[in-house]
>>> print(open('work.cif').read())   # mmCIF, C-alpha atoms
data_input
#
loop_
_atom_site.group_PDB
_atom_site.id
_atom_site.type_symbol
_atom_site.label_atom_id
_atom_site.label_comp_id
_atom_site.auth_asym_id
_atom_site.auth_seq_id
_atom_site.Cartn_x
_atom_site.Cartn_y
_atom_site.Cartn_z
ATOM 1 C CA MET K 16 9.848 -163.581 -20.871
ATOM 2 C CA SER K 17 7.834 -166.790 -21.241
ATOM 3 C CA GLU K 18 4.985 -167.121 -23.713
ATOM 4 C CA VAL K 19 2.409 -167.273 -20.918
ATOM 5 C CA SER K 20 3.870 -164.203 -19.197
ATOM 6 C CA ALA K 21 3.891 -162.265 -22.475
ATOM 7 C CA LEU K 22 0.255 -163.173 -23.088
ATOM 8 C CA ALA K 23 -0.677 -162.155 -19.540
ATOM 9 C CA GLN K 24 0.905 -158.760 -20.124
ATOM 10 C CA ARG K 25 -1.166 -158.258 -23.280
ATOM 11 C CA ILE K 26 -4.324 -159.335 -21.463
ATOM 12 C CA ASP K 27 -3.573 -156.988 -18.578
ATOM 13 C CA ALA K 28 -3.265 -154.105 -21.046
ATOM 14 C CA LEU K 29 -6.893 -154.724 -22.103
ATOM 15 C CA LEU K 30 -8.320 -154.734 -18.567
ATOM 16 C CA PRO K 31 -9.781 -151.555 -17.001
ATOM 17 C CA GLN K 32 -7.388 -151.604 -14.016
ATOM 18 C CA THR K 33 -10.079 -150.875 -11.432
ATOM 19 C CA GLN K 34 -8.494 -153.554 -9.176
ATOM 20 C CA CYS K 35 -12.007 -154.322 -7.907
ATOM 21 C CA THR K 36 -11.462 -158.107 -7.368
ATOM 22 C CA LYS K 37 -14.927 -158.861 -8.770
ATOM 23 C CA CYS K 38 -13.249 -161.266 -11.185
ATOM 24 C CA GLY K 39 -12.364 -163.412 -8.184
ATOM 25 C CA TYR K 40 -8.686 -162.484 -8.159
ATOM 26 C CA ALA K 41 -6.672 -160.000 -6.102
ATOM 27 C CA GLY K 42 -6.320 -157.526 -8.966
ATOM 28 C CA CYS K 43 -6.197 -157.076 -12.717
ATOM 29 C CA ARG K 44 -2.747 -158.579 -13.243
ATOM 30 C CA PRO K 45 -3.458 -161.742 -11.216
ATOM 31 C CA TYR K 46 -6.635 -162.151 -13.277
ATOM 32 C CA ALA K 47 -4.634 -161.684 -16.474
ATOM 33 C CA ASP K 48 -2.157 -164.333 -15.295
ATOM 34 C CA ALA K 49 -5.041 -166.717 -14.590
ATOM 35 C CA ILE K 50 -6.536 -166.211 -18.058
ATOM 36 C CA ALA K 51 -3.166 -166.688 -19.752
ATOM 37 C CA SER K 52 -2.544 -169.931 -17.861
ATOM 38 C CA GLY K 53 -6.043 -171.265 -18.554
ATOM 39 C CA GLN K 54 -7.188 -171.072 -14.924
ATOM 40 C CA ALA K 55 -9.885 -168.430 -15.516
ATOM 41 C CA SER K 56 -12.301 -167.473 -18.256
ATOM 42 C CA TYR K 57 -12.153 -164.145 -20.081
ATOM 43 C CA ASN K 58 -15.715 -163.135 -19.127
ATOM 44 C CA GLN K 59 -15.250 -162.368 -15.417
ATOM 45 C CA CYS K 60 -14.646 -158.580 -15.470
ATOM 46 C CA PRO K 61 -17.832 -156.547 -14.815
ATOM 47 C CA PRO K 62 -16.119 -153.118 -15.146
ATOM 48 C CA GLY K 63 -14.976 -154.097 -18.656
ATOM 49 C CA GLY K 64 -18.455 -155.306 -19.506
ATOM 50 C CA ALA K 65 -19.456 -156.831 -22.830
ATOM 51 C CA GLU K 66 -16.911 -154.779 -24.767
ATOM 52 C CA GLY K 67 -14.180 -155.957 -22.429
ATOM 53 C CA VAL K 68 -15.127 -159.581 -23.089
ATOM 54 C CA ALA K 69 -15.088 -158.897 -26.837
ATOM 55 C CA ARG K 70 -11.621 -157.307 -26.609
ATOM 56 C CA LEU K 71 -10.210 -160.322 -24.810
ATOM 57 C CA ALA K 72 -11.974 -162.733 -27.182
ATOM 58 C CA ARG K 73 -10.296 -161.075 -30.165
ATOM 59 C CA LEU K 74 -6.887 -161.259 -28.498
ATOM 60 C CA LEU K 75 -7.344 -164.915 -27.553
ATOM 61 C CA ASN K 76 -9.042 -165.859 -30.851
ATOM 62 C CA ARG K 77 -12.003 -167.154 -28.891
ATOM 63 C CA PRO K 78 -15.765 -166.647 -29.370
ATOM 64 C CA VAL K 79 -17.496 -163.688 -27.716
ATOM 65 C CA ILE K 80 -19.475 -164.960 -24.718
ATOM 66 C CA PRO K 81 -21.737 -163.199 -22.191
ATOM 67 C CA LEU K 82 -20.331 -161.684 -19.024
ATOM 68 C CA ASN K 83 -20.502 -164.213 -16.196
ATOM 69 C CA PRO K 84 -23.315 -162.992 -13.875
ATOM 70 C CA ALA K 85 -21.612 -164.694 -10.919
ATOM 71 C CA ASN K 86 -18.986 -161.947 -11.055
ATOM 72 C CA GLY K 87 -21.471 -159.081 -11.209
ATOM 73 C CA ALA K 88 -23.300 -157.007 -13.800
ATOM 74 C CA GLU K 89 -22.114 -154.340 -16.200
ATOM 75 C CA ARG K 90 -23.160 -150.961 -14.810
ATOM 76 C CA PRO K 91 -22.527 -147.218 -14.996
ATOM 77 C CA ARG K 92 -19.247 -146.368 -13.304
ATOM 78 C CA PRO K 93 -19.772 -145.186 -9.720
ATOM 79 C CA ARG K 94 -17.641 -142.946 -7.556
ATOM 80 C CA ALA K 95 -17.206 -143.213 -3.800
ATOM 81 C CA ILE K 96 -18.701 -140.354 -1.793
ATOM 82 C CA ILE K 97 -17.947 -140.063 1.930
ATOM 83 C CA ASP K 98 -20.522 -138.539 4.270
ATOM 84 C CA GLU K 99 -18.059 -136.426 6.219
ATOM 85 C CA SER K 100 -20.577 -135.795 8.993
ATOM 86 C CA LEU K 101 -20.474 -139.515 9.843
ATOM 87 C CA CYS K 102 -16.811 -140.253 9.134
ATOM 88 C CA ILE K 103 -14.832 -141.082 12.295
ATOM 89 C CA GLY K 104 -11.380 -141.126 10.694
ATOM 90 C CA CYS K 105 -10.731 -144.831 11.319
ATOM 91 C CA THR K 106 -8.620 -145.035 8.088
ATOM 92 C CA LEU K 107 -10.058 -148.457 7.127
ATOM 93 C CA CYS K 108 -11.354 -147.116 3.794
ATOM 94 C CA MET K 109 -7.936 -145.627 3.050
ATOM 95 C CA GLN K 110 -6.339 -149.011 3.661
ATOM 96 C CA ALA K 111 -8.877 -150.712 1.384
ATOM 97 C CA CYS K 112 -8.519 -148.332 -1.577
ATOM 98 C CA PRO K 113 -6.181 -149.903 -4.157
ATOM 99 C CA VAL K 114 -5.329 -146.620 -5.893
ATOM 100 C CA ASP K 115 -4.966 -144.207 -2.937
ATOM 101 C CA ALA K 116 -8.062 -142.265 -3.978
ATOM 102 C CA ILE K 117 -8.996 -141.493 -0.346
ATOM 103 C CA VAL K 118 -7.089 -138.952 1.702
ATOM 104 C CA GLY K 119 -7.296 -138.043 5.367
ATOM 105 C CA ALA K 120 -5.686 -138.801 8.693
ATOM 106 C CA ALA K 121 -6.444 -140.905 11.728
ATOM 107 C CA LYS K 122 -9.367 -139.454 13.751
ATOM 108 C CA LEU K 123 -10.032 -136.841 11.041
ATOM 109 C CA MET K 124 -12.632 -136.975 8.293
ATOM 110 C CA HIS K 125 -11.624 -138.415 4.920
ATOM 111 C CA THR K 126 -12.482 -137.368 1.386
ATOM 112 C CA VAL K 127 -12.243 -138.895 -2.092
ATOM 113 C CA ILE K 128 -10.024 -137.665 -4.916
ATOM 114 C CA GLU K 129 -12.632 -137.834 -7.667
ATOM 115 C CA ASP K 130 -10.279 -138.288 -10.617
ATOM 116 C CA ARG K 131 -8.567 -141.250 -8.931
ATOM 117 C CA CYS K 132 -11.606 -143.237 -7.830
ATOM 118 C CA THR K 133 -12.157 -146.294 -10.053
ATOM 119 C CA GLY K 134 -15.524 -147.240 -8.554
ATOM 120 C CA CYS K 135 -14.176 -150.550 -7.211
ATOM 121 C CA ASP K 136 -16.499 -150.621 -4.122
ATOM 122 C CA LEU K 137 -13.707 -151.958 -1.894
ATOM 123 C CA CYS K 138 -13.959 -149.064 0.563
ATOM 124 C CA VAL K 139 -17.623 -149.773 1.390
ATOM 125 C CA PRO K 140 -17.535 -153.058 3.401
ATOM 126 C CA PRO K 141 -14.757 -152.052 5.850
ATOM 127 C CA CYS K 142 -16.469 -148.778 6.875
ATOM 128 C CA PRO K 143 -17.708 -149.332 10.455
ATOM 129 C CA VAL K 144 -20.257 -146.495 10.305
ATOM 130 C CA ASP K 145 -21.564 -147.050 6.751
ATOM 131 C CA CYS K 146 -20.738 -143.514 5.641
ATOM 132 C CA ILE K 147 -19.672 -144.295 2.047
ATOM 133 C CA ASP K 148 -22.028 -144.230 -0.928
ATOM 134 C CA MET K 149 -21.195 -145.425 -4.445
ATOM 135 C CA VAL K 150 -22.849 -142.872 -6.731
ATOM 136 C CA PRO K 151 -23.112 -143.473 -10.513
ATOM 137 C CA VAL K 152 -21.367 -140.660 -12.406
ATOM 138 C CA THR K 153 -21.512 -141.764 -16.058
ATOM 139 C CA GLY K 154 -25.240 -141.615 -16.773
ATOM 140 C CA GLU K 155 -26.290 -144.606 -18.860
ATOM 141 C CA ARG K 156 -22.757 -145.291 -20.123
ATOM 142 C CA THR K 157 -21.399 -148.616 -18.880
ATOM 143 C CA GLY K 158 -18.261 -150.723 -19.248
ATOM 144 C CA TRP K 159 -15.662 -149.222 -21.563
ATOM 145 C CA GLN K 160 -18.180 -146.568 -22.648
ATOM 146 C CA ALA K 161 -17.844 -145.214 -19.087
ATOM 147 C CA TRP K 162 -14.055 -145.595 -18.961
ATOM 148 C CA SER K 163 -11.065 -144.920 -21.208
ATOM 149 C CA GLN K 164 -7.669 -146.413 -21.900
ATOM 150 C CA THR K 165 -6.040 -143.263 -20.520
ATOM 151 C CA GLN K 166 -7.942 -143.657 -17.260
ATOM 152 C CA ALA K 167 -7.012 -147.335 -17.114
ATOM 153 C CA ASP K 168 -3.319 -146.543 -17.608
ATOM 154 C CA GLU K 169 -3.455 -143.884 -14.883
ATOM 155 C CA ALA K 170 -5.245 -146.296 -12.531
ATOM 156 C CA ARG K 171 -2.516 -148.886 -13.111
ATOM 157 C CA SER K 172 0.164 -146.303 -12.254
ATOM 158 C CA HIS K 173 -1.702 -145.316 -9.076
ATOM 159 C CA PHE K 174 -2.082 -148.971 -8.087
ATOM 160 C CA GLU K 175 1.611 -149.653 -8.604
ATOM 161 C CA ALA K 176 2.485 -146.566 -6.531
ATOM 162 C CA HIS K 177 0.089 -147.789 -3.831
ATOM 163 C CA GLN K 178 1.777 -151.181 -3.751
ATOM 164 C CA ALA K 179 5.214 -149.579 -3.516
ATOM 165 C CA ARG K 180 4.033 -147.402 -0.617
ATOM 166 C CA ILE K 181 2.640 -150.423 1.225
ATOM 167 C CA GLU K 182 5.968 -152.230 0.905
ATOM 168 C CA LYS K 183 7.858 -149.150 2.127
ATOM 169 C CA GLU K 184 5.589 -148.745 5.151
ATOM 170 C CA LYS K 185 5.954 -152.449 5.939
ATOM 171 C CA ALA K 186 9.723 -152.081 5.964
ATOM 172 C CA GLN K 187 9.452 -148.978 8.183
ATOM 173 C CA ARG K 188 7.145 -150.804 10.604
ATOM 174 C CA GLU K 189 9.548 -153.720 10.857
ATOM 175 C CA ALA K 190 12.385 -151.281 11.495
ATOM 176 C CA ARG K 191 10.408 -149.607 14.301
ATOM 177 C CA LEU K 192 9.746 -152.986 15.889
ATOM 178 C CA ALA K 193 13.437 -153.847 15.665
ATOM 179 C CA ALA K 194 14.372 -150.562 17.312
ATOM 180 C CA ARG K 195 11.783 -151.082 20.051
ATOM 181 C CA ALA K 196 13.065 -154.596 20.709
ATOM 182 C CA ALA K 197 16.609 -153.254 20.933
ATOM 183 C CA ARG K 198 15.541 -150.701 23.589
ATOM 184 C CA VAL K 199 13.656 -153.110 25.839
ATOM 185 C CA ALA K 200 15.586 -156.366 25.477
ATOM 186 C CA PRO K 201 17.842 -156.947 28.513
ATOM 187 C CA GLY K 202 21.501 -157.216 27.569
ATOM 188 C CA ALA K 203 20.709 -156.382 23.945
ATOM 189 C CA PRO K 204 23.754 -155.582 21.829
ATOM 190 C CA ALA K 205 24.400 -151.937 21.071
ATOM 191 C CA SER K 206 23.914 -152.552 17.381
ATOM 192 C CA VAL K 207 20.800 -154.357 16.165
ATOM 193 C CA PRO K 208 20.108 -154.835 12.434
ATOM 194 C CA GLY K 209 17.611 -152.198 11.333
ATOM 195 C CA ALA K 210 17.808 -150.219 14.579
ATOM 196 C CA SER K 211 19.571 -147.193 13.085
ATOM 197 C CA GLN K 212 17.117 -147.125 10.219
ATOM 198 C CA ALA K 213 14.255 -147.404 12.706
ATOM 199 C CA THR K 214 15.502 -144.418 14.690
ATOM 200 C CA GLU K 215 15.416 -142.303 11.566
ATOM 201 C CA THR K 216 11.990 -143.683 10.629
ATOM 202 C CA LEU K 217 10.533 -142.830 14.037
ATOM 203 C CA THR K 218 11.544 -139.195 13.652
ATOM 204 C CA THR K 219 10.362 -138.787 10.072
ATOM 205 C CA ALA K 220 7.305 -141.027 9.717
ATOM 206 C CA SER K 221 4.097 -139.201 8.815
ATOM 207 C CA PRO K 222 1.021 -139.683 11.065
ATOM 208 C CA VAL K 223 -1.135 -140.050 7.919
ATOM 209 C CA SER K 224 0.940 -142.822 6.361
ATOM 210 C CA SER K 225 1.374 -144.763 9.584
ATOM 211 C CA GLY K 226 -2.267 -144.520 10.617
ATOM 212 C CA GLY K 227 -1.569 -142.749 13.936
ATOM 213 C CA THR K 228 0.687 -140.463 15.895
ATOM 214 C CA GLN K 229 3.727 -141.448 17.856
ATOM 215 C CA THR K 230 3.406 -141.113 21.636
ATOM 216 C CA PRO K 231 6.670 -140.330 23.436
ATOM 217 C CA ASP K 232 7.558 -142.738 26.219
ATOM 218 C CA SER K 233 7.869 -139.748 28.569
ATOM 219 C CA SER K 234 4.234 -138.524 28.093
ATOM 220 C CA PRO K 235 2.607 -137.788 31.487
ATOM 221 C CA ALA K 236 -0.137 -140.176 32.561
ATOM 222 C CA LEU K 237 -2.643 -137.326 32.754
ATOM 223 C CA ASP K 238 -2.073 -136.415 29.117
ATOM 224 C CA GLU K 239 -2.589 -140.044 28.115
ATOM 225 C CA ALA K 240 -5.815 -140.224 30.120
ATOM 226 C CA ALA K 241 -7.100 -137.027 28.507
ATOM 227 C CA ALA K 242 -6.267 -138.340 25.044
ATOM 228 C CA ALA K 243 -8.046 -141.613 25.801
ATOM 229 C CA ALA K 244 -11.105 -139.724 27.024
ATOM 230 C CA ARG K 245 -11.201 -137.646 23.854
ATOM 231 C CA LYS K 246 -10.899 -140.801 21.761
ATOM 232 C CA GLN K 247 -13.806 -142.428 23.594
ATOM 233 C CA ALA K 248 -15.958 -139.324 23.170
ATOM 234 C CA ILE K 249 -15.280 -139.214 19.433
ATOM 235 C CA ILE K 250 -16.062 -142.903 19.042
ATOM 236 C CA GLN K 251 -19.287 -142.678 21.020
ATOM 237 C CA ALA K 252 -20.495 -139.647 19.067
ATOM 238 C CA ALA K 253 -19.710 -141.378 15.772
ATOM 239 C CA LEU K 254 -21.480 -144.574 16.820
ATOM 240 C CA ALA K 255 -24.531 -142.582 17.875
ATOM 241 C CA ARG K 256 -24.649 -140.906 14.462
ATOM 242 C CA ALA K 257 -24.181 -144.271 12.752
ATOM 243 C CA ARG K 258 -27.016 -145.871 14.736
ATOM 244 C CA GLN K 259 -29.292 -142.981 13.823
ATOM 245 C CA LYS K 260 -28.403 -143.287 10.151
ATOM 246 C CA LYS K 261 -28.869 -147.071 10.110
ATOM 247 C CA ALA K 262 -32.233 -146.728 11.857
ATOM 248 C CA SER K 263 -33.290 -144.235 9.186
ATOM 249 C CA LEU K 264 -32.148 -146.591 6.419
ATOM 250 C CA ALA K 265 -33.947 -149.514 8.052
ATOM 251 C CA ALA K 266 -37.174 -147.480 8.179
ATOM 252 C CA GLU K 267 -36.866 -147.050 4.417
ATOM 253 C CA GLY K 268 -36.187 -150.741 3.898
ATOM 254 C CA LEU K 269 -32.544 -150.114 3.099
ATOM 255 C CA GLY K 270 -29.305 -151.311 4.636
ATOM 256 C CA PRO K 271 -25.543 -151.422 4.169
ATOM 257 C CA ARG K 272 -24.456 -151.762 0.560
ATOM 258 C CA ASN K 273 -22.159 -154.224 -1.154
ATOM 259 C CA THR K 274 -21.869 -156.617 1.780
ATOM 260 C CA GLU K 275 -23.323 -159.750 0.157
ATOM 261 C CA ASN K 276 -22.045 -162.024 -2.596
ATOM 262 C CA VAL K 277 -18.569 -160.499 -2.441
ATOM 263 C CA SER K 278 -15.435 -162.277 -3.596
ATOM 264 C CA ALA K 279 -13.251 -164.288 -1.245
ATOM 265 C CA ALA K 280 -10.634 -161.525 -1.364
ATOM 266 C CA VAL K 281 -13.148 -158.863 -0.321
ATOM 267 C CA GLN K 282 -14.575 -161.129 2.393
ATOM 268 C CA ALA K 283 -11.067 -161.545 3.786
ATOM 269 C CA GLN K 284 -10.775 -157.749 3.795
ATOM 270 C CA ILE K 285 -14.078 -157.466 5.676
ATOM 271 C CA ASP K 286 -12.910 -160.012 8.258
ATOM 272 C CA GLU K 287 -9.674 -158.084 8.762
ATOM 273 C CA ALA K 288 -11.628 -154.839 9.127
ATOM 274 C CA GLU K 289 -13.863 -156.449 11.760
ATOM 275 C CA ALA K 290 -10.800 -157.471 13.750
ATOM 276 C CA ARG K 291 -9.452 -153.936 13.573
ATOM 277 C CA ARG K 292 -12.827 -152.535 14.633
ATOM 278 C CA LYS K 293 -12.640 -154.645 17.776
ATOM 279 C CA ARG K 294 -9.161 -153.352 18.507
ATOM 280 C CA LEU K 295 -10.415 -149.778 18.010
ATOM 281 C CA GLY K 296 -13.393 -150.408 20.299
ATOM 282 C CA LEU K 297 -15.871 -149.926 17.428
ATOM 283 C CA ALA K 298 -17.518 -153.338 17.709
ATOM 284 C CA THR K 299 -19.682 -152.289 20.698
ATOM 285 C CA ASP K 300 -23.108 -151.105 19.521
ATOM 286 C CA ASN K 301 -24.603 -149.840 22.768
ATOM 287 C CA ASP K 302 -24.455 -146.687 24.836
ATOM 288 C CA ALA K 303 -21.641 -147.849 27.105
ATOM 289 C CA PRO K 304 -18.209 -146.555 26.161
ATOM 290 C CA PRO K 305 -16.073 -149.282 24.557
ATOM 291 C CA PRO K 306 -13.002 -150.263 26.552
ATOM 292 C CA ASP K 307 -9.844 -148.387 25.727
ATOM 293 C CA THR K 308 -7.311 -150.499 23.850
ATOM 294 C CA PRO K 309 -3.604 -149.967 23.406
ATOM 295 C CA ASP K 310 -2.203 -148.832 20.091
ATOM 296 C CA THR K 311 -1.600 -151.931 17.971
ATOM 297 C CA SER K 312 -0.771 -150.238 14.687
ATOM 298 C CA ASP K 313 2.594 -151.958 14.620
ATOM 299 C CA LYS K 314 0.971 -155.358 15.108
ATOM 300 C CA ALA K 315 -1.622 -155.132 12.362
#
>>> encode(input="work.cif", output="structure tokens")
Amino acid sequence: MSEVSALAQRIDALLPQTQCTKCGYAGCRPYADAIASGQASYNQCPPGGAEGVARLARLLNRPVIPLNPANGAERPRPRAIIDESLCIGCTLCMQACPVDAIVGAAKLMHTVIEDRCTGCDLCVPPCPVDCIDMVPVTGERTGWQAWSQTQADEARSHFEAHQARIEKEKAQREARLAARAARVAPGAPASVPGASQATETLTTASPVSSGGTQTPDSSPALDEAAAAARKQAIIQAALARARQKKASLAAEGLGPRNTENVSAAVQAQIDEAEARRKRLGLATDNDAPPPDTPDTSDKA
């Protein structure tokens, strides 16, 4: 292990592991790598707060400096709360959560596992119906006074498990695509790399992990039409509730939270969510039903 890598590991051990990206990097370890290599300062972690800066300063034998306000302010730790009456089950918040603290299934309401939530805010911008609130849960305690090393270690484990799951699902998706290509390609060889694995994946994949259910090729057209109609009805009802809620917030001078001054990583996540909203037909904000779109879960 190189000297820089060893230092990055020690820095990472002092970070709160919220994976919030407020430091300007994709997670706590990338931020630690940037500090160790001299590409970032040690005062860019709002969840760690002033104590976090002091911890890193001692490790690096550097002076204690104020938290950089460009990265955010030290605050009581919040927890995500989902208004289940507005949730449409789009799964975008689940995809955004770096520690798998949100559970649910496509087209069903979601909920938050309280002990897992790190208060990172990343689930708020992608929500198309603005049904997630970040509620402070630590009173006046902020930074490391509102967090613990045990919680940080658990959050790191959950993040690593999340990353491993993402890689596994990516491999399964690629296997499904290979199997599909083998079925439809004219004159395709009987054996295609990944096809046998894909066949097994198709029969065992969970609807929750894949973000949708598998539709057999032999489904009658009437069943597909009925399913599409139900989908449109659910979307329209959810959009109506969302418009009502946003109108109520606007009357109080309020609006969507955590959508300004976000990091480049979070902005990229918002842009991706907007593209998915269009594919789901959620970008239309009028009374006309959005056009039905084919399932593109394997193309995302």
>>> residues_near_point(input="work.cif", point="(-12.0, -159.0, -9.6)", cutoff="9 Å", atoms="all atoms listed in the file", output="ChimeraX atom specification")
/K:33-43,46,59-61,86,278,280
>>> closest_residue(input="work.cif", among="K:Ala69, K:Met16, K:Leu30, K:Val144", to="Arg171 (chain K)", atoms="only C-alpha atoms")
K:Leu30
>>> atom_distance(input="work.cif", atom1="CA of Met149 (chain K)", atom2="CA of His173 (chain K)")
20.0 Å
>>> axis_aligned_box(input="work.cif", around="region 96-113 of chain K", padding_each_side="5 Å", output="JSON")
{"center_x": -13.4, "center_y": -143.3, "center_z": 4.1, "size_x": 24.4, "size_y": 24.9, "size_z": 26.5}
>>> closest_atom_pairs(input="work.cif", of="region 145-170 of chain K", to="region 175-193 of chain K", cutoff="12 Å", atoms="only C-alpha atoms", output="tab-separated table")
residue	atom	partner	partner_atom	distance
K:Asp168	CA	K:Glu175	CA	10.7
K:Glu169	CA	K:Glu175	CA	9.9
K:Ala170	CA	K:Glu175	CA	8.6
>>> residues_near_point(input="work.cif", point="(-13.4, -138.8, 0.3)", cutoff="12 Å", atoms="all atoms listed in the file", output="number ranges by chain")
K: 94-102, 104, 106, 108-109, 112, 115-120, 123-132, 138-139, 146-149
>>> atom_distance(input="work.cif", atom1="CA of Val19 (chain K)", atom2="CA of Ala85 (chain K)")
26.1 Å
>>> residues_around(input="work.cif", residues="Ser56 (chain K)", least_positions_apart="4", cutoff="12 Å", atoms="all atoms listed in the file", output="list of chain:residue names")
K:Ile26, K:Cys38, K:Gly39, K:Tyr40, K:Tyr46, K:Ala47, K:Asp48, K:Ala49, K:Ile50, K:Ala51, K:Ser52, K:Cys60, K:Val68, K:Leu71, K:Ala72, K:Leu75, K:Arg77, K:Pro78, K:Val79, K:Ile80, K:Pro81, K:Leu82, K:Asn83, K:Asn86
>>> write_last_selection(input="work.cif", atoms="C-alpha atoms", output="CSV table (one decimal), in the coordinates of the input")
chain,number,residue,atom,x,y,z
K,26,ILE,CA,-4.3,-159.3,-21.5
K,38,CYS,CA,-13.2,-161.3,-11.2
K,39,GLY,CA,-12.4,-163.4,-8.2
K,40,TYR,CA,-8.7,-162.5,-8.2
K,46,TYR,CA,-6.6,-162.2,-13.3
K,47,ALA,CA,-4.6,-161.7,-16.5
K,48,ASP,CA,-2.2,-164.3,-15.3
K,49,ALA,CA,-5.0,-166.7,-14.6
K,50,ILE,CA,-6.5,-166.2,-18.1
K,51,ALA,CA,-3.2,-166.7,-19.8
K,52,SER,CA,-2.5,-169.9,-17.9
K,60,CYS,CA,-14.6,-158.6,-15.5
K,68,VAL,CA,-15.1,-159.6,-23.1
K,71,LEU,CA,-10.2,-160.3,-24.8
K,72,ALA,CA,-12.0,-162.7,-27.2
K,75,LEU,CA,-7.3,-164.9,-27.6
K,77,ARG,CA,-12.0,-167.2,-28.9
K,78,PRO,CA,-15.8,-166.6,-29.4
K,79,VAL,CA,-17.5,-163.7,-27.7
K,80,ILE,CA,-19.5,-165.0,-24.7
K,81,PRO,CA,-21.7,-163.2,-22.2
K,82,LEU,CA,-20.3,-161.7,-19.0
K,83,ASN,CA,-20.5,-164.2,-16.2
K,86,ASN,CA,-19.0,-161.9,-11.1
>>> atom_distance(input="work.cif", atom1="CA of Ala121 (chain K)", atom2="CA of Thr133 (chain K)")
23.2 Å
>>> resolve_selection(input="work.cif", expression="the PyMOL selection byres ((chain K and resi 151) around 7)", output="short mmCIF file (atom, residue, chain, number, x, y, z; two decimals) with C-alpha atoms, keeping the file's coordinate frame")
data_model
loop_
_atom_site.label_atom_id
_atom_site.label_comp_id
_atom_site.auth_asym_id
_atom_site.auth_seq_id
_atom_site.Cartn_x
_atom_site.Cartn_y
_atom_site.Cartn_z
CA PRO K 91 -22.53 -147.22 -15.00
CA ARG K 92 -19.25 -146.37 -13.30
CA PRO K 93 -19.77 -145.19 -9.72
CA ARG K 94 -17.64 -142.95 -7.56
CA MET K 149 -21.20 -145.43 -4.44
CA VAL K 150 -22.85 -142.87 -6.73
CA VAL K 152 -21.37 -140.66 -12.41
CA THR K 153 -21.51 -141.76 -16.06
CA GLY K 154 -25.24 -141.62 -16.77
#
>>> closest_residue(input="work.cif", among="K:Lys122, K:Glu89, K:Arg195, K:Ala111", to="Arg245 (chain K)", atoms="only C-alpha atoms")
K:Lys122
>>> closest_residue(input="work.cif", among="K:Gly87, K:Pro45, K:Gly134, K:Pro143", to="Cys105 (chain K)", atoms="only C-alpha atoms")
K:Pro143
